[in-house]
$ cat work34.txt   # compact mmCIF, C-alpha atoms
# COMPACT_ATOMS: atom_id res chain seq x y z
CA GLY A 1 250.95 64.46 -100.66
CA GLU A 2 253.61 67.13 -100.46
CA ASP A 3 254.18 67.53 -96.72
CA VAL A 4 257.76 68.21 -95.72
CA GLU A 5 258.63 67.79 -92.04
CA GLN A 6 261.53 68.98 -89.92
CA SER A 7 262.31 69.02 -86.24
CA LEU A 8 261.69 72.48 -84.79
CA PHE A 9 264.83 73.13 -82.82
CA LEU A 10 268.46 72.05 -82.56
CA SER A 11 271.10 73.31 -80.15
CA VAL A 12 274.80 72.60 -80.64
CA ARG A 13 278.05 73.87 -79.21
CA GLU A 14 280.39 75.94 -81.30
CA GLY A 15 282.86 73.70 -83.10
CA ASP A 16 280.60 70.64 -83.03
CA SER A 17 278.78 69.26 -86.07
CA SER A 18 275.10 69.97 -86.63
CA VAL A 19 272.76 67.61 -88.40
CA ILE A 20 269.39 68.91 -89.53
CA ASN A 21 266.90 66.37 -90.80
CA CYS A 22 264.02 66.59 -93.23
CA THR A 23 261.40 64.08 -94.34
CA TYR A 24 259.47 64.58 -97.52
CA THR A 25 256.63 62.61 -99.03
CA ASP A 26 256.67 63.34 -102.76
CA SER A 27 258.79 60.64 -104.37
CA SER A 28 258.75 62.49 -107.69
CA SER A 29 260.83 65.36 -106.33
CA THR A 30 263.68 66.13 -108.67
CA TYR A 31 265.60 68.68 -106.63
CA LEU A 32 265.83 69.15 -102.89
CA TYR A 33 267.14 72.35 -101.38
CA TRP A 34 268.44 73.75 -98.14
CA TYR A 35 267.82 77.43 -97.42
CA LYS A 36 269.05 79.48 -94.46
CA GLN A 37 267.04 82.33 -92.97
CA GLU A 38 268.56 84.71 -90.46
CA PRO A 39 266.27 86.83 -88.26
CA GLY A 40 264.29 89.36 -90.27
CA ALA A 41 265.95 88.38 -93.52
CA GLY A 42 265.08 86.55 -96.72
CA LEU A 43 266.03 83.02 -97.68
CA GLN A 44 269.61 82.29 -98.63
CA LEU A 45 270.19 79.26 -100.82
CA LEU A 46 272.81 77.09 -99.16
CA THR A 47 272.94 74.03 -101.35
CA TYR A 48 270.80 71.61 -103.30
CA ILE A 49 270.91 68.01 -104.42
CA PHE A 50 269.51 66.31 -107.46
CA SER A 51 267.34 63.31 -106.74
CA ASN A 52 269.68 60.83 -108.45
CA MET A 53 272.48 61.68 -106.01
CA ASP A 54 273.10 60.23 -102.56
CA MET A 55 275.48 62.80 -101.24
CA LYS A 56 276.79 66.25 -102.01
CA GLN A 57 279.58 68.05 -100.19
CA ASP A 58 280.24 71.77 -100.35
CA GLN A 59 282.90 73.04 -97.95
CA ARG A 60 281.45 72.66 -94.43
CA LEU A 61 278.10 71.43 -95.74
CA THR A 62 277.23 67.82 -96.50
CA VAL A 63 273.84 66.83 -97.85
CA LEU A 64 272.69 63.22 -97.64
CA LEU A 65 269.67 61.91 -99.51
CA ASN A 66 267.96 58.61 -98.84
CA LYS A 67 265.29 58.30 -101.52
CA LYS A 68 263.99 55.01 -100.21
CA ASP A 69 263.10 56.59 -96.88
CA LYS A 70 262.45 60.06 -98.38
CA HIS A 71 264.94 61.48 -95.91
CA LEU A 72 267.21 64.45 -96.46
CA SER A 73 269.82 65.76 -94.04
CA LEU A 74 272.17 68.70 -93.83
CA ARG A 75 275.37 68.36 -91.86
CA ILE A 76 277.29 71.48 -90.91
CA ALA A 77 280.84 70.76 -89.82
CA ASP A 78 282.60 72.96 -87.25
CA THR A 79 279.42 74.91 -86.50
CA GLN A 80 279.98 78.60 -85.81
CA THR A 81 277.82 81.20 -84.06
CA GLY A 82 277.15 82.73 -87.47
CA ASP A 83 275.36 79.52 -88.43
CA SER A 84 272.58 80.31 -85.96
CA ALA A 85 269.46 80.67 -88.09
CA ILE A 86 266.38 78.82 -89.29
CA TYR A 87 267.06 76.16 -91.90
CA PHE A 88 264.38 75.16 -94.38
CA CYS A 89 264.45 72.17 -96.64
CA ALA A 90 262.36 72.43 -99.78
CA GLU A 91 261.42 70.20 -102.66
CA ASN A 92 260.69 70.94 -106.29
CA THR A 93 258.91 68.13 -108.07
CA GLY A 94 259.89 69.52 -111.43
CA THR A 95 256.32 69.30 -112.68
CA ALA A 96 255.48 72.81 -111.57
CA SER A 97 257.19 75.87 -110.28
CA LYS A 98 256.07 75.33 -106.73
CA LEU A 99 258.64 74.91 -103.97
CA THR A 100 257.23 73.13 -100.95
CA PHE A 101 259.04 74.11 -97.80
CA GLY A 102 259.52 72.21 -94.60
CA THR A 103 258.50 73.67 -91.29
CA GLY A 104 262.00 74.97 -90.59
CA THR A 105 264.57 74.03 -87.94
CA ARG A 106 265.92 76.70 -85.67
CA LEU A 107 269.62 76.08 -85.05
CA GLN A 108 271.08 77.61 -81.93
CA VAL A 109 274.86 77.62 -81.54
CA THR A 110 276.16 78.04 -78.01
CA LEU A 111 279.65 78.93 -76.85
CA ASP B 112 276.28 91.52 -108.42
CA ALA B 113 273.11 90.09 -109.89
CA MET B 114 270.41 90.04 -107.27
CA VAL B 115 266.80 90.23 -106.18
CA ILE B 116 265.86 93.52 -104.54
CA GLN B 117 262.78 94.25 -102.47
CA ASN B 118 261.51 97.65 -101.42
CA PRO B 119 260.71 98.72 -98.87
CA ARG B 120 262.21 96.38 -96.30
CA TYR B 121 259.56 97.41 -93.78
CA GLN B 122 256.08 98.66 -94.60
CA VAL B 123 253.42 99.87 -92.21
CA THR B 124 249.87 100.28 -93.43
CA GLN B 125 246.46 100.78 -91.93
CA PHE B 126 243.68 98.26 -91.87
CA GLY B 127 241.92 98.43 -95.24
CA LYS B 128 244.40 100.82 -96.86
CA PRO B 129 245.83 99.48 -100.14
CA VAL B 130 249.54 98.78 -100.15
CA THR B 131 252.03 97.83 -102.87
CA LEU B 132 255.26 95.95 -102.36
CA SER B 133 257.99 96.03 -104.98
CA CYS B 134 260.49 93.50 -106.28
CA SER B 135 263.15 93.90 -108.92
CA GLN B 136 265.78 91.56 -110.30
CA THR B 137 268.99 91.90 -112.27
CA LEU B 138 269.25 88.18 -113.03
CA ASN B 139 267.12 88.44 -116.19
CA HIS B 140 265.12 85.44 -115.01
CA ASN B 141 261.86 84.50 -116.67
CA VAL B 142 259.97 83.62 -113.52
CA MET B 143 259.14 85.78 -110.52
CA TYR B 144 257.35 84.53 -107.41
CA TRP B 145 255.67 86.04 -104.37
CA TYR B 146 255.60 84.14 -101.09
CA GLN B 147 253.93 85.02 -97.81
CA GLN B 148 255.68 83.96 -94.61
CA LYS B 149 253.93 84.36 -91.31
CA SER B 150 255.77 84.24 -88.03
CA SER B 151 257.39 80.86 -87.31
CA GLN B 152 255.94 79.36 -90.47
CA ALA B 153 257.29 78.19 -93.80
CA PRO B 154 256.94 80.45 -96.83
CA LYS B 155 253.72 79.92 -98.76
CA LEU B 156 253.52 80.58 -102.49
CA LEU B 157 250.89 83.16 -103.46
CA PHE B 158 251.46 83.31 -107.23
CA HIS B 159 254.10 83.52 -109.90
CA TYR B 160 254.69 85.02 -113.31
CA TYR B 161 256.30 83.14 -116.15
CA ASP B 162 257.26 86.06 -118.33
CA LYS B 163 253.89 87.82 -118.63
CA ASP B 164 251.78 84.79 -117.80
CA PHE B 165 250.21 85.03 -114.35
CA ASN B 166 249.72 81.86 -112.29
CA ASN B 167 247.66 82.10 -109.14
CA GLU B 168 247.70 79.49 -106.38
CA ALA B 169 244.25 78.10 -105.74
CA ASP B 170 244.13 79.22 -102.12
CA THR B 171 245.49 82.74 -102.60
CA PRO B 172 242.84 85.26 -101.45
CA ASP B 173 241.40 87.66 -104.02
CA ASN B 174 242.71 90.48 -101.85
CA PHE B 175 246.16 89.78 -103.27
CA GLN B 176 247.00 90.86 -106.79
CA SER B 177 250.19 91.14 -108.77
CA ARG B 178 251.59 93.06 -111.71
CA ARG B 179 254.66 92.49 -113.81
CA PRO B 180 255.16 95.46 -116.15
CA ASN B 181 258.49 94.18 -117.49
CA THR B 182 261.06 91.43 -116.96
CA SER B 183 262.79 93.22 -114.11
CA PHE B 184 259.91 94.31 -111.91
CA CYS B 185 257.05 92.60 -110.13
CA PHE B 186 254.60 94.16 -107.68
CA LEU B 187 252.40 92.70 -104.99
CA ASP B 188 249.20 94.67 -104.36
CA ILE B 189 247.12 94.06 -101.27
CA ARG B 190 243.82 95.73 -101.93
CA SER B 191 242.40 95.84 -98.41
CA PRO B 192 244.93 94.61 -95.87
CA GLY B 193 243.59 92.88 -92.81
CA LEU B 194 245.38 92.20 -89.55
CA GLY B 195 245.92 88.64 -90.71
CA ASP B 196 247.95 89.85 -93.68
CA ALA B 197 250.79 91.03 -91.47
CA ALA B 198 253.72 88.89 -92.55
CA MET B 199 257.05 88.81 -94.34
CA TYR B 200 256.58 88.91 -98.10
CA LEU B 201 259.32 87.26 -100.08
CA CYS B 202 260.02 87.68 -103.76
CA ALA B 203 261.98 85.04 -105.65
CA THR B 204 263.12 84.46 -109.21
CA SER B 205 264.17 81.50 -111.29
CA ARG B 206 265.41 81.08 -114.81
CA ASP B 207 262.61 78.70 -115.70
CA THR B 208 259.88 76.82 -113.89
CA VAL B 209 260.91 73.20 -114.25
CA ALA B 210 263.46 72.06 -111.68
CA GLU B 211 265.09 75.47 -111.46
CA THR B 212 266.63 76.98 -108.37
CA GLN B 213 264.78 79.92 -106.88
CA TYR B 214 266.70 82.92 -105.60
CA PHE B 215 265.11 85.03 -102.91
CA GLY B 216 265.15 88.70 -102.06
CA PRO B 217 265.57 89.99 -98.50
CA GLY B 218 261.82 90.30 -97.97
CA THR B 219 259.45 93.08 -96.95
CA ARG B 220 257.94 92.89 -93.50
CA LEU B 221 254.39 94.23 -93.54
CA LEU B 222 252.73 95.54 -90.42
CA VAL B 223 248.99 96.29 -90.45
CA LEU B 224 247.68 98.66 -87.80

$ encode --input "work34.txt" --output "C-alpha cells"
Amino acid sequence: GEDVEQSLFLSVREGDSSVINCTYTDSSSTYLYWYKQEPGAGLQLLTYIFSNMDMKQDQRLTVLLNKKDKHLSLRIADTQTGDSAIYFCAENTGTASKLTFGTGTRLQVTL
Amino acid sequence: DAMVIQNPRYQVTQFGKPVTLSCSQTLNHNVMYWYQQKSSQAPKLLFHYYDKDFNNEADTPDNFQSRRPNTSFCFLDIRSPGLGDAAMYLCATSRDTVAETQYFGPGTRLLVL
C-alpha cells in the first residue's frame, strides 16, 4: 500500500522546536519530501531525504528517517510565526512519477 | 528566476460551463503534472505529461482533460464542471519522472457556482 499518515495538528510556542511526524508504508520509496503550504498558496518544497540516509540537516530544518519503522520526521528549530502552515510529507517510490502525499499537519505557532 | 506559473490564481465558473486553467514553466522540465486539492485534503494527482506523452491516473474522471502544446505550457480543461470540482488545482514540474523532485506553482482556486 501507499498510505502516508500524519497527525492533523500541532501547536507550539514561538522559539520552541516543532517536530512533525509522518508514517509511510511503501518500503520501496526512494525519496521522501517535506512540503510547506501557506493558506491559499501552492506547495513549497522545504527539503527531501534519500532513502539511504538517516538524517539531513538544512539550517533550522532537520529530517530524520527510520526505514525500519517507516517513520519520517521534520524538526524545525526556533519556530517562528512565519512557520505557521500545513506541512505535507510525500514519498516517491522512483518506479513512477507519482508523489503520494500525507494527510498534512497544520502547525500553529503561538506567541 | 526559473519558476512554475499558474493563471489565473482564482477562477469562478458556472455549473456545466467549460473552464481552462493554465500552467507555464521556465525550468525547461520534461514532466508537467496536474493535481487537485480539495479543502483540508492532500493533493491528488490527476495526470501528467512526459514531454508529449500523456499519462492519466486510473481514477481521474473523464470530465478532466489536459493539453500540452509545447514544453513550457500545460492546460487543464474541465469540460462540464460540477460543484464537486471546486478545489485548488496545482501544477508541478520535474526534470524527469524517476525519483525527481517536483516543483509546484502557486495554484488556481476554482469556484463553481

$ closest_residue --input "work34.txt" --among "B:Arg190, B:Arg206, B:Arg179, B:Lys155" --to "Lys98 (chain A)" --atoms "all atoms listed in the file"
B:Lys155

$ closest_residue --input "work34.txt" --among "A:Gln44, A:Gln6, A:Ser17, A:Ser28" --to "chain B" --atoms "all atoms listed in the file"
A:Gln44

$ closest_residue --input "work34.txt" --among "A:Thr103, A:Gln80, A:Ser73, A:Ser29" --to "Phe50 (chain A)" --atoms "all atoms listed in the file"
A:Ser29

$ closest_residue --input "work34.txt" --among "B:Met199, B:Val123, B:Leu187, B:Val209" --to "chain A" --atoms "only C-alpha atoms"
B:Val209

$ residues_around --input "work34.txt" --residues "Asp207 (chain B)" --least-positions-apart "3" --cutoff "7 Å" --atoms "all atoms listed in the file" --output "list in words"
Asn141, Val142 and Glu211 of chain B

$ interface_residues --input "work34.txt" --of "chain A" --to "chain B" --cutoff "9 Å" --atoms "all atoms listed in the file" --output "mmCIF file with C-alpha atoms, keeping the file's coordinate frame"
data_model
loop_
_atom_site.group_PDB
_atom_site.id
_atom_site.type_symbol
_atom_site.label_atom_id
_atom_site.label_comp_id
_atom_site.auth_asym_id
_atom_site.auth_seq_id
_atom_site.Cartn_x
_atom_site.Cartn_y
_atom_site.Cartn_z
ATOM 1 C CA SER A 29 260.830 65.360 -106.330
ATOM 2 C CA THR A 30 263.680 66.130 -108.670
ATOM 3 C CA TYR A 31 265.600 68.680 -106.630
ATOM 4 C CA TYR A 33 267.140 72.350 -101.380
ATOM 5 C CA GLY A 40 264.290 89.360 -90.270
ATOM 6 C CA ALA A 41 265.950 88.380 -93.520
ATOM 7 C CA GLY A 42 265.080 86.550 -96.720
ATOM 8 C CA LEU A 43 266.030 83.020 -97.680
ATOM 9 C CA GLN A 44 269.610 82.290 -98.630
ATOM 10 C CA LEU A 45 270.190 79.260 -100.820
ATOM 11 C CA TYR A 48 270.800 71.610 -103.300
ATOM 12 C CA PHE A 88 264.380 75.160 -94.380
ATOM 13 C CA ASN A 92 260.690 70.940 -106.290
ATOM 14 C CA THR A 93 258.910 68.130 -108.070
ATOM 15 C CA GLY A 94 259.890 69.520 -111.430
ATOM 16 C CA THR A 95 256.320 69.300 -112.680
ATOM 17 C CA ALA A 96 255.480 72.810 -111.570
ATOM 18 C CA SER A 97 257.190 75.870 -110.280
ATOM 19 C CA LYS A 98 256.070 75.330 -106.730
ATOM 20 C CA LEU A 99 258.640 74.910 -103.970
ATOM 21 C CA THR A 100 257.230 73.130 -100.950
ATOM 22 C CA PHE A 101 259.040 74.110 -97.800
ATOM 23 C CA GLY A 102 259.520 72.210 -94.600
ATOM 24 C CA THR A 103 258.500 73.670 -91.290
ATOM 25 C CA GLY A 104 262.000 74.970 -90.590
#

$ atom_distance --input "work34.txt" --atom1 "CA of Met114 (chain B)" --atom2 "CA of Glu38 (chain A)"
17.7 Å

$ atom_distance --input "work34.txt" --atom1 "CA of Ile49 (chain A)" --atom2 "CA of Ser7 (chain A)"
20.1 Å

$ atom_distance --input "work34.txt" --atom1 "CA of Pro39 (chain A)" --atom2 "CA of Ile20 (chain A)"
18.2 Å

$ closest_residue --input "work34.txt" --among "A:Cys22, A:Leu111, A:Ala77, A:Leu32" --to "Asp58 (chain A)" --atoms "only C-alpha atoms"
A:Ala77

$ residues_around --input "work34.txt" --residues "Thr81 (chain A)" --least-positions-apart "3" --cutoff "9 Å" --atoms "all atoms listed in the file" --output "NGL selection string"
:A and (13-14 or 84 or 108-111)

$ residues_around --input "work34.txt" --residues "Thr137 (chain B)" --least-positions-apart "2" --cutoff "10 Å" --atoms "all atoms listed in the file" --output "list of chain:residue names"
B:Asp112, B:Ala113, B:Met114, B:Val115, B:Ile116, B:Ser135, B:Asn139, B:His140, B:Thr182, B:Ser183, B:Phe184, B:Thr204
